[in-house]
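Structure data (CSV, C-alpha atoms) from start_39.csv:
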```
chain,number,residue,atom,x,y,z
S,1,MET,CA,24.5,-101.3,-42.1
S,2,GLU,CA,21.0,-100.1,-41.2
S,3,GLY,CA,18.9,-102.9,-39.7
S,4,GLN,CA,21.7,-104.9,-38.0
S,5,GLN,CA,21.8,-102.4,-35.2
S,6,GLU,CA,19.7,-99.4,-34.2
S,7,GLU,CA,21.6,-96.5,-32.6
S,8,HIS,CA,19.1,-95.1,-30.2
S,9,GLU,CA,20.3,-91.7,-31.3
S,10,GLU,CA,19.5,-88.4,-31.4
S,11,GLN,CA,8.5,-83.4,-35.4
S,12,LYS,CA,-2.6,-74.9,-38.1
S,13,GLU,CA,-3.2,-75.1,-41.1
S,14,ASN,CA,-4.9,-71.7,-42.1
S,15,ARG,CA,-5.1,-70.9,-45.8
S,16,PRO,CA,-3.8,-67.4,-46.5
S,17,GLN,CA,-2.8,-66.2,-49.9
S,18,PRO,CA,0.6,-67.6,-50.9
S,19,PRO,CA,3.5,-65.1,-50.5
S,20,ARG,CA,4.3,-63.1,-53.5
S,21,PRO,CA,7.4,-64.7,-55.1
S,22,PRO,CA,10.6,-62.6,-55.7
S,23,PRO,CA,11.6,-62.0,-59.3
S,24,PRO,CA,13.0,-65.3,-60.7
S,25,PRO,CA,16.7,-65.1,-60.1
S,26,ALA,CA,19.4,-66.1,-62.6
S,27,ALA,CA,20.3,-69.7,-62.4
S,28,SER,CA,22.7,-70.5,-59.6
S,29,PRO,CA,26.2,-71.4,-60.7
S,30,PRO,CA,27.4,-75.0,-60.2
S,31,GLY,CA,28.4,-75.6,-56.6
S,32,LYS,CA,25.9,-73.1,-55.2
S,33,GLN,CA,22.8,-75.2,-55.6
S,34,HIS,CA,22.9,-76.4,-52.1
S,35,GLY,CA,22.5,-72.9,-50.8
S,36,GLY,CA,25.1,-73.0,-48.0
S,37,ALA,CA,22.6,-71.8,-45.4
S,38,GLY,CA,23.7,-74.4,-42.8
S,39,GLU,CA,21.7,-77.1,-41.0
S,40,GLN,CA,20.3,-74.8,-38.4
S,41,GLY,CA,18.9,-72.1,-40.7
S,42,THR,CA,17.8,-68.6,-39.5
S,43,GLU,CA,14.1,-69.2,-38.7
S,44,GLY,CA,14.6,-69.0,-34.9
S,45,LYS,CA,16.7,-65.9,-34.9
S,46,SER,CA,15.3,-62.5,-34.1
S,47,PRO,CA,16.1,-60.3,-37.1
S,48,GLY,CA,16.0,-57.1,-35.1
S,49,SER,CA,18.1,-58.1,-32.2
S,50,GLY,CA,20.9,-60.1,-33.9
S,51,GLN,CA,24.4,-58.9,-34.4
S,52,GLY,CA,26.5,-58.8,-37.6
S,53,ALA,CA,24.9,-60.3,-40.6
S,54,PHE,CA,21.7,-61.2,-38.8
S,55,SER,CA,20.9,-57.5,-38.2
S,56,ASP,CA,20.5,-57.0,-41.9
S,57,PRO,CA,16.9,-56.2,-42.9
S,58,VAL,CA,16.9,-59.2,-45.3
S,59,TYR,CA,16.4,-61.5,-42.3
S,60,LYS,CA,13.2,-59.7,-41.4
S,61,GLU,CA,12.0,-60.3,-44.9
S,62,ILE,CA,12.9,-64.0,-44.6
S,63,ALA,CA,11.1,-64.3,-41.3
S,64,VAL,CA,7.9,-62.7,-42.7
S,65,THR,CA,8.0,-65.0,-45.7
S,66,ASN,CA,8.5,-68.0,-43.4
S,67,GLY,CA,5.3,-67.0,-41.5
S,68,TYR,CA,3.3,-67.1,-44.8
S,69,ILE,CA,4.8,-70.4,-45.7
S,70,ASN,CA,3.9,-71.9,-42.3
S,71,ARG,CA,0.2,-71.1,-43.0
S,72,MET,CA,0.1,-72.6,-46.5
S,73,SER,CA,-1.7,-75.9,-47.2
S,74,ARG,CA,0.1,-78.8,-48.7
S,75,GLU,CA,-1.5,-78.1,-52.1
S,76,GLU,CA,-0.5,-74.5,-52.0
S,77,LEU,CA,3.1,-75.5,-51.1
S,78,ARG,CA,3.2,-78.0,-54.0
S,79,SER,CA,1.8,-75.4,-56.4
S,80,LYS,CA,4.4,-72.8,-55.4
S,81,LEU,CA,7.3,-75.3,-55.6
S,82,ALA,CA,6.1,-76.4,-59.1
S,83,GLU,CA,6.1,-72.7,-60.1
S,84,PHE,CA,9.8,-72.5,-59.2
S,85,LYS,CA,10.5,-75.9,-60.9
S,86,LEU,CA,11.4,-77.4,-57.5
S,87,GLU,CA,10.7,-81.0,-56.3
S,88,THR,CA,7.1,-81.4,-55.1
S,89,ARG,CA,7.3,-84.8,-53.5
S,90,GLY,CA,7.5,-85.2,-49.7
S,91,VAL,CA,5.5,-84.7,-46.5
S,92,LYS,CA,4.2,-81.2,-45.7
S,93,ASP,CA,7.0,-80.3,-43.3
S,94,VAL,CA,9.6,-81.2,-45.9
S,95,LEU,CA,7.8,-79.1,-48.5
S,96,LYS,CA,7.7,-76.1,-46.1
S,97,LYS,CA,11.4,-76.5,-45.4
S,98,ARG,CA,12.2,-76.7,-49.2
S,99,LEU,CA,10.2,-73.6,-50.0
S,100,LYS,CA,11.6,-71.6,-47.1
S,101,ASN,CA,15.1,-72.4,-48.1
S,102,TYR,CA,14.4,-71.5,-51.7
S,103,TYR,CA,13.2,-68.0,-50.7
S,104,LYS,CA,16.0,-67.6,-48.2
S,105,LYS,CA,18.7,-68.6,-50.7
S,106,GLN,CA,17.3,-66.1,-53.3
S,107,LYS,CA,17.1,-63.3,-50.8
S,108,LEU,CA,20.6,-63.9,-49.5
S,109,MET,CA,22.0,-64.1,-53.0
S,110,GLN,CA,20.4,-60.8,-53.9
S,111,LYS,CA,21.9,-59.2,-50.9
S,112,GLU,CA,25.3,-60.8,-51.4
S,113,VAL,CA,25.6,-61.9,-47.8
S,114,LEU,CA,26.0,-65.6,-48.6
S,115,ASN,CA,29.4,-67.1,-49.1
S,116,SER,CA,29.5,-70.9,-49.6
S,117,ASP,CA,32.8,-71.1,-51.5
S,118,GLY,CA,34.4,-73.2,-48.8
S,119,TYR,CA,32.1,-76.2,-49.1
S,120,TYR,CA,33.3,-79.7,-49.9
S,121,ASP,CA,33.7,-80.6,-53.6
S,122,TYR,CA,32.8,-84.2,-53.0
S,123,ILE,CA,31.1,-86.3,-50.3
S,124,CYS,CA,32.1,-89.9,-50.0
S,125,VAL,CA,29.1,-92.0,-48.8
S,126,VAL,CA,30.0,-95.2,-47.0
S,127,ASP,CA,27.8,-97.9,-45.6
S,128,PHE,CA,29.7,-101.0,-44.5
S,129,GLU,CA,28.3,-104.5,-44.3
S,130,ALA,CA,29.8,-106.6,-41.5
S,131,THR,CA,29.6,-110.2,-40.2
S,132,CYS,CA,26.7,-110.7,-37.8
S,133,GLU,CA,24.6,-113.4,-36.1
S,134,GLU,CA,21.0,-113.4,-35.2
S,135,GLY,CA,20.5,-111.4,-32.1
S,136,ASN,CA,24.2,-110.2,-32.3
S,137,PRO,CA,25.5,-111.5,-29.0
S,138,PRO,CA,27.6,-108.9,-27.2
S,139,GLU,CA,30.8,-110.9,-27.5
S,140,PHE,CA,30.5,-111.2,-31.3
S,141,VAL,CA,33.3,-109.5,-33.2
S,142,HIS,CA,31.9,-107.7,-36.3
S,143,GLU,CA,34.2,-107.7,-39.3
S,144,ILE,CA,33.7,-105.6,-42.4
S,145,ILE,CA,32.7,-107.8,-45.4
S,146,GLU,CA,31.7,-105.1,-47.9
S,147,PHE,CA,33.5,-101.8,-48.4
S,148,PRO,CA,31.4,-99.5,-50.7
S,149,ILE,CA,31.9,-95.8,-51.5
S,150,VAL,CA,29.5,-93.6,-53.5
S,151,LEU,CA,31.2,-90.4,-54.8
S,152,LEU,CA,28.8,-87.5,-54.7
S,153,ASN,CA,29.7,-84.3,-56.6
S,154,THR,CA,28.3,-81.4,-54.6
S,155,HIS,CA,28.6,-79.0,-57.6
S,156,THR,CA,26.5,-81.1,-60.0
S,157,LEU,CA,24.5,-82.9,-57.3
S,158,GLU,CA,25.1,-86.2,-59.0
S,159,ILE,CA,26.7,-89.5,-58.2
S,160,GLU,CA,29.9,-89.4,-60.1
S,161,ASP,CA,31.5,-92.7,-59.3
S,162,THR,CA,31.3,-95.8,-57.1
S,163,PHE,CA,33.7,-98.3,-55.5
S,164,GLN,CA,32.8,-101.7,-54.1
S,165,GLN,CA,34.9,-104.6,-52.8
S,166,TYR,CA,34.2,-107.5,-50.6
S,167,VAL,CA,36.4,-108.4,-47.6
S,168,LYS,CA,37.5,-111.7,-46.3
S,169,PRO,CA,36.9,-111.9,-42.5
S,170,GLU,CA,39.6,-113.2,-40.2
S,171,VAL,CA,38.0,-113.9,-36.8
S,172,ASN,CA,34.8,-115.4,-38.1
S,173,PRO,CA,35.7,-116.6,-41.7
S,174,LYS,CA,32.4,-118.6,-42.0
S,175,LEU,CA,29.4,-116.5,-42.5
S,176,SER,CA,26.2,-117.3,-40.5
S,177,ASN,CA,23.1,-118.1,-42.4
S,178,PHE,CA,21.5,-115.0,-40.9
S,179,CYS,CA,24.3,-112.8,-42.3
S,180,ILE,CA,24.0,-114.4,-45.8
S,181,GLY,CA,20.3,-114.0,-45.8
S,182,LEU,CA,20.5,-110.4,-44.6
S,183,THR,CA,23.3,-109.1,-46.8
S,184,GLY,CA,23.0,-111.4,-49.8
S,185,ILE,CA,26.8,-111.9,-49.5
S,186,THR,CA,27.6,-115.6,-50.0
S,187,GLN,CA,30.4,-117.7,-48.5
S,188,ASP,CA,31.9,-118.2,-52.0
S,189,ILE,CA,32.2,-114.4,-52.5
S,190,ILE,CA,33.9,-114.0,-49.2
S,191,ASP,CA,36.3,-116.9,-49.7
S,192,LYS,CA,37.6,-115.2,-52.9
S,193,ALA,CA,37.9,-111.7,-51.4
S,194,ASP,CA,41.0,-109.9,-50.2
S,195,ALA,CA,41.8,-109.3,-46.5
S,196,PHE,CA,40.9,-105.9,-45.1
S,197,PRO,CA,44.4,-104.2,-45.3
S,198,GLN,CA,44.5,-104.9,-49.0
S,199,VAL,CA,41.0,-103.7,-49.6
S,200,LEU,CA,41.8,-100.5,-47.6
S,201,GLN,CA,44.9,-100.0,-49.8
S,202,ASN,CA,42.6,-100.3,-52.9
S,203,VAL,CA,40.2,-97.8,-51.4
S,204,ILE,CA,43.0,-95.3,-50.8
S,205,GLU,CA,44.4,-95.8,-54.3
S,206,TRP,CA,40.9,-95.2,-55.7
S,207,MET,CA,40.5,-92.0,-53.7
S,208,ARG,CA,44.0,-90.8,-54.8
S,209,GLN,CA,43.2,-91.3,-58.4
S,210,ARG,CA,40.2,-89.0,-58.0
S,211,GLU,CA,42.5,-86.4,-56.3
S,212,LEU,CA,40.5,-86.3,-53.1
S,213,GLY,CA,42.2,-84.2,-50.5
S,214,THR,CA,44.7,-82.8,-53.0
S,215,LYS,CA,42.9,-81.1,-55.9
S,216,TYR,CA,39.4,-81.6,-54.5
S,217,SER,CA,38.1,-81.1,-50.9
S,218,TYR,CA,35.9,-83.9,-49.6
S,219,CYS,CA,34.4,-85.5,-46.5
S,220,MET,CA,32.9,-88.8,-45.5
S,221,LEU,CA,29.2,-89.4,-44.9
S,222,THR,CA,27.5,-92.3,-43.1
S,223,ASP,CA,24.0,-93.4,-42.1
S,224,GLY,CA,24.5,-93.2,-38.3
S,225,SER,CA,27.6,-93.4,-36.1
S,226,TRP,CA,28.3,-97.1,-36.2
S,227,ASP,CA,30.1,-97.5,-39.6
S,228,MET,CA,33.1,-95.5,-38.4
S,229,SER,CA,33.0,-95.6,-34.6
S,230,LYS,CA,32.2,-99.3,-34.4
S,231,PHE,CA,32.8,-101.3,-37.6
S,232,LEU,CA,35.9,-99.5,-38.9
S,233,ASN,CA,37.3,-99.1,-35.4
S,234,ILE,CA,36.9,-102.8,-34.6
S,235,GLN,CA,38.2,-103.9,-38.1
S,236,CYS,CA,41.4,-101.8,-37.7
S,237,ARG,CA,42.1,-103.5,-34.3
S,238,VAL,CA,41.4,-107.0,-35.8
S,239,SER,CA,43.7,-106.2,-38.8
S,240,ARG,CA,46.3,-104.6,-36.4
S,241,ILE,CA,46.4,-101.3,-38.3
S,242,LYS,CA,46.0,-97.7,-37.1
S,243,TYR,CA,42.6,-96.0,-37.7
S,244,PRO,CA,42.8,-94.2,-41.1
S,245,SER,CA,43.1,-90.4,-40.7
S,246,PHE,CA,40.7,-89.7,-43.6
S,247,ALA,CA,37.8,-91.4,-41.7
S,248,LYS,CA,38.3,-89.6,-38.4
S,249,LYS,CA,35.6,-87.1,-39.1
S,250,TRP,CA,32.3,-87.6,-41.0
S,251,ILE,CA,28.8,-86.4,-41.6
S,252,ASN,CA,26.2,-88.5,-39.7
S,253,ILE,CA,23.2,-87.9,-42.1
S,254,ARG,CA,20.7,-89.1,-39.5
S,255,LYS,CA,21.7,-86.2,-37.2
S,256,SER,CA,21.8,-83.7,-40.2
S,257,TYR,CA,18.3,-84.9,-41.4
S,258,GLY,CA,16.8,-84.6,-37.9
S,259,ASN,CA,18.2,-81.2,-37.3
S,260,PHE,CA,17.4,-79.8,-40.7
S,261,TYR,CA,13.8,-81.1,-41.0
S,262,LYS,CA,13.1,-80.8,-37.3
S,263,VAL,CA,12.1,-84.5,-36.8
S,264,PRO,CA,12.8,-86.8,-33.9
S,265,ARG,CA,15.5,-89.4,-34.2
S,266,ASN,CA,13.1,-92.3,-34.4
S,267,GLN,CA,12.2,-90.9,-37.8
S,268,THR,CA,15.7,-90.9,-39.2
S,269,LYS,CA,16.0,-94.5,-40.4
S,270,LEU,CA,17.0,-94.9,-44.0
S,271,THR,CA,13.6,-96.1,-45.3
S,272,ILE,CA,11.7,-93.5,-43.3
S,273,MET,CA,13.9,-90.6,-44.5
S,274,LEU,CA,13.3,-91.8,-48.1
S,275,GLU,CA,9.6,-92.0,-47.5
S,276,LYS,CA,9.3,-88.5,-45.9
S,277,LEU,CA,11.2,-87.1,-48.9
S,278,GLY,CA,8.8,-88.8,-51.3
S,279,MET,CA,11.2,-91.5,-52.5
S,280,THR,CA,11.3,-95.3,-52.3
S,281,TYR,CA,14.3,-97.5,-51.7
S,282,ASP,CA,16.1,-98.5,-55.0
S,283,GLY,CA,18.0,-101.8,-55.0
S,284,ARG,CA,18.5,-104.6,-52.4
S,285,PRO,CA,18.3,-103.6,-48.7
S,286,HIS,CA,21.5,-104.4,-46.8
S,287,SER,CA,23.6,-104.4,-49.9
S,288,GLY,CA,26.3,-102.0,-48.8
S,289,LEU,CA,26.5,-100.4,-52.3
S,290,ASP,CA,22.8,-100.1,-52.7
S,291,ASP,CA,22.4,-98.6,-49.2
S,292,SER,CA,25.1,-96.1,-50.0
S,293,LYS,CA,23.4,-95.1,-53.2
S,294,ASN,CA,20.1,-94.5,-51.4
S,295,ILE,CA,21.9,-92.5,-48.7
S,296,ALA,CA,23.5,-90.4,-51.4
S,297,ARG,CA,20.0,-89.8,-52.9
S,298,ILE,CA,18.9,-88.4,-49.5
S,299,ALA,CA,22.0,-86.2,-49.3
S,300,ILE,CA,21.3,-84.8,-52.8
S,301,ARG,CA,17.7,-84.0,-51.8
S,302,MET,CA,18.9,-82.3,-48.6
S,303,LEU,CA,21.5,-80.2,-50.5
S,304,GLN,CA,18.8,-79.2,-53.0
S,305,ASP,CA,16.5,-78.2,-50.1
S,306,GLY,CA,19.2,-75.8,-48.8
S,307,CYS,CA,20.9,-77.9,-46.2
S,308,GLU,CA,24.7,-77.5,-45.9
S,309,LEU,CA,25.7,-81.0,-44.8
S,310,ARG,CA,28.6,-80.5,-42.3
S,311,VAL,CA,30.9,-82.8,-40.4
S,312,ASN,CA,29.1,-83.5,-37.1
S,313,GLU,CA,30.9,-86.5,-35.6
S,314,LYS,CA,34.5,-87.6,-35.1
S,315,MET,CA,36.8,-90.2,-33.5
S,316,HIS,CA,39.1,-88.8,-30.9
S,317,ALA,CA,41.4,-91.0,-28.9
S,318,GLY,CA,39.3,-94.0,-29.9
S,319,GLN,CA,36.1,-92.4,-28.7
S,320,LEU,CA,33.0,-91.1,-30.6
S,321,MET,CA,32.6,-87.4,-30.2
S,322,THR,CA,30.2,-84.7,-31.5
S,323,VAL,CA,31.5,-81.9,-33.7
S,324,SER,CA,29.9,-78.5,-33.1
S,325,SER,CA,27.9,-77.0,-36.0
S,326,SER,CA,29.9,-73.8,-35.5
S,327,THR,CA,33.2,-75.5,-36.4
S,328,PRO,CA,34.6,-74.2,-39.7
S,329,ILE,CA,34.1,-76.5,-42.7
S,330,GLU,CA,37.4,-78.4,-43.4
S,331,GLY,CA,37.9,-81.2,-45.8
S,332,ALA,CA,39.4,-84.6,-44.9
S,333,PRO,CA,43.1,-85.1,-45.4
S,334,ALA,CA,44.5,-86.8,-48.5
S,335,PRO,CA,44.1,-90.5,-47.9
S,336,GLN,CA,47.1,-92.5,-46.7
S,337,MET,CA,47.5,-96.1,-45.7
S,338,PRO,CA,47.7,-96.3,-41.9
S,339,ARG,CA,50.7,-97.8,-40.2
S,340,TYR,CA,50.5,-101.3,-38.6
S,341,ARG,CA,50.2,-101.5,-34.9
S,342,ASN,CA,53.1,-102.8,-32.8
```

Represent the structure from my file as structure tokens, please.
Amino acid sequence: MEGQQEEHEEQKENRPQPPRPPPPPAASPPGKQHGGAGEQGTEGKSPGSGQGAFSDPVYKEIAVTNGYINRMSREELRSKLAEFKLETRGVKDVLKKRLKNYYKKQKLMQKEVLNSDGYYDYICVVDFEATCEEGNPPEFVHEIIEFPIVLLNTHTLEIEDTFQQYVKPEVNPKLSNFCIGLTGITQDIIDKADAFPQVLQNVIEWMRQRELGTKYSYCMLTDGSWDMSKFLNIQCRVSRIKYPSFAKKWINIRKSYGNFYKVPRNQTKLTIMLEKLGMTYDGRPHSGLDDSKNIARIAIRMLQDGCELRVNEKMHAGQLMTVSSSTPIEGAPAPQMPRYRN
């Protein structure tokens, strides 16, 4: 629900000859396109002093190549990316990161030191819309009024399916004019909608039909912390149900984007991320489904650029907490309808 709140969370140009490209590798099999190199990468590691895998000479080769790439102009970067049939849109820092990760992925694949078999099969992108008033007074209770999901297949890097339902609010059943104008959700739509527990049951059934958490591993992804830690948390209390287990951990793409592309947090708003990646917003801003689709586009581009999107936030005992980047990748549990509170 980017725009209703701002999280206050957590960016030389010489012209050497471009680095000599490695021999074009065989096409990566489905599911390996995202590279699996992790958000942090290896650029800051000393190849000679590391332990284990990082002592392998391949990391020295990667570091040398990174030095060449750092000195390339934007046009040289675009030319080299085009040579490898990679995306050429984006600001210079994004292009450098993209080319570095391409070389890194190929080197590691050649040395067979990369194993990304444990990655999620699917990512569920969620961006709630909630009741709001102009200025959002502190005592105002935000209730979810749109529950969208965009199902991103990490093997094909395509949006495979979507879910959308509107939700009838309970505490503030009459939408403010500000909320209607912002979200495009009308009072008539809300009056005809189901209450949140029924919509959540429909969400869970939709996820079960796609065998998420049983046949396929998956995780949730949001644009910031608020969707899960605030809106869903408040809504579950209003609806007198427990917080759903499948939503207790998620990828905050703002954090992932900032860490991966090395940009400050004030440059991780949805529209800015799209702009830096050479894209424009598609659809109606503050439509939950359209926002989710655009967030999924960013996730796809990040996976293509070599980022391994990982769970980085969770709810624990009702509180928002950070998940370490060293935590093993683990999919969300099979979705179940939470119990009602006593």

Practice item. Quote the spacing between atom CA of S:Gln187 and atom CA of S:Ile145 in Å to one decimal place. Key: 10.6 Å

Could you build a table of the residues in stretch 89-196 of chain S lying no more than 10 Å from stretch 249-265 of chain S, giving for each the nearest pair of atoms and their separation in Å rounded to one decimal place, using all atoms listed in the file, ordered by chain and ascending residue number, as CSV?
```
residue,atom,partner,partner_atom,distance
S:Asp93,CA,S:Tyr261,CA,7.2
S:Val94,CA,S:Tyr261,CA,6.5
S:Leu95,CA,S:Tyr261,CA,9.8
S:Lys96,CA,S:Tyr261,CA,9.4
S:Lys97,CA,S:Tyr261,CA,6.8
S:Arg98,CA,S:Tyr261,CA,9.4
S:Ile123,CA,S:Ile251,CA,9.0
S:Cys124,CA,S:Trp250,CA,9.3
S:Val125,CA,S:Ile251,CA,9.1
S:Val126,CA,S:Trp250,CA,10.0
```

Practice item. Mind listing whatever residues come within 12 Å of the point (13.2, -76.2, -47.2)? Use only C-alpha atoms, file coordinates, and give them as a PyMOL selection string. Key: chain S and resi 34-35+37-43+66+69-70+77+81+86-88+90-105+257+260-262+277+301-308

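Take the candidates S:Ile190, S:Ala82, S:Met279, S:Ala247 and check each one against S:Asn172 using all atoms listed in the file; the shortest distance goes to S:Ile190.
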
Review point. Rounded to one decimal in Å, what is the spacing between atom CA of S:Gln235 and atom CA of S:Val323?
Key: 23.4 Å

Check your understanding: Restricting the calculation to all atoms listed in the file, which member of S:Thr268, S:Gln106, S:Asn342, S:Gln209 is positioned closest to S:Ile295?
Key -> S:Thr268

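For the pair atom CA of S:Leu289 and atom CA of S:Gln165, the interatomic distance is 9.4 Å.
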
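Distances to S:Arg339 were evaluated for S:Lys248, S:Lys293, S:Cys236, S:Glu313 using all atoms listed in the file, and the minimum falls at S:Cys236.
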
Practice item. Tell me which protein, DNA and RNA residues are within 10 Å of S:Phe231, counting all atoms listed in the file, leaving out same-chain ones fewer than 6 positions away, and put them as a list of chain:residue names. Key: S:Met1, S:Phe128, S:Glu129, S:Ala130, S:Thr131, S:Val141, S:His142, S:Glu143, S:Ile144, S:Ser225
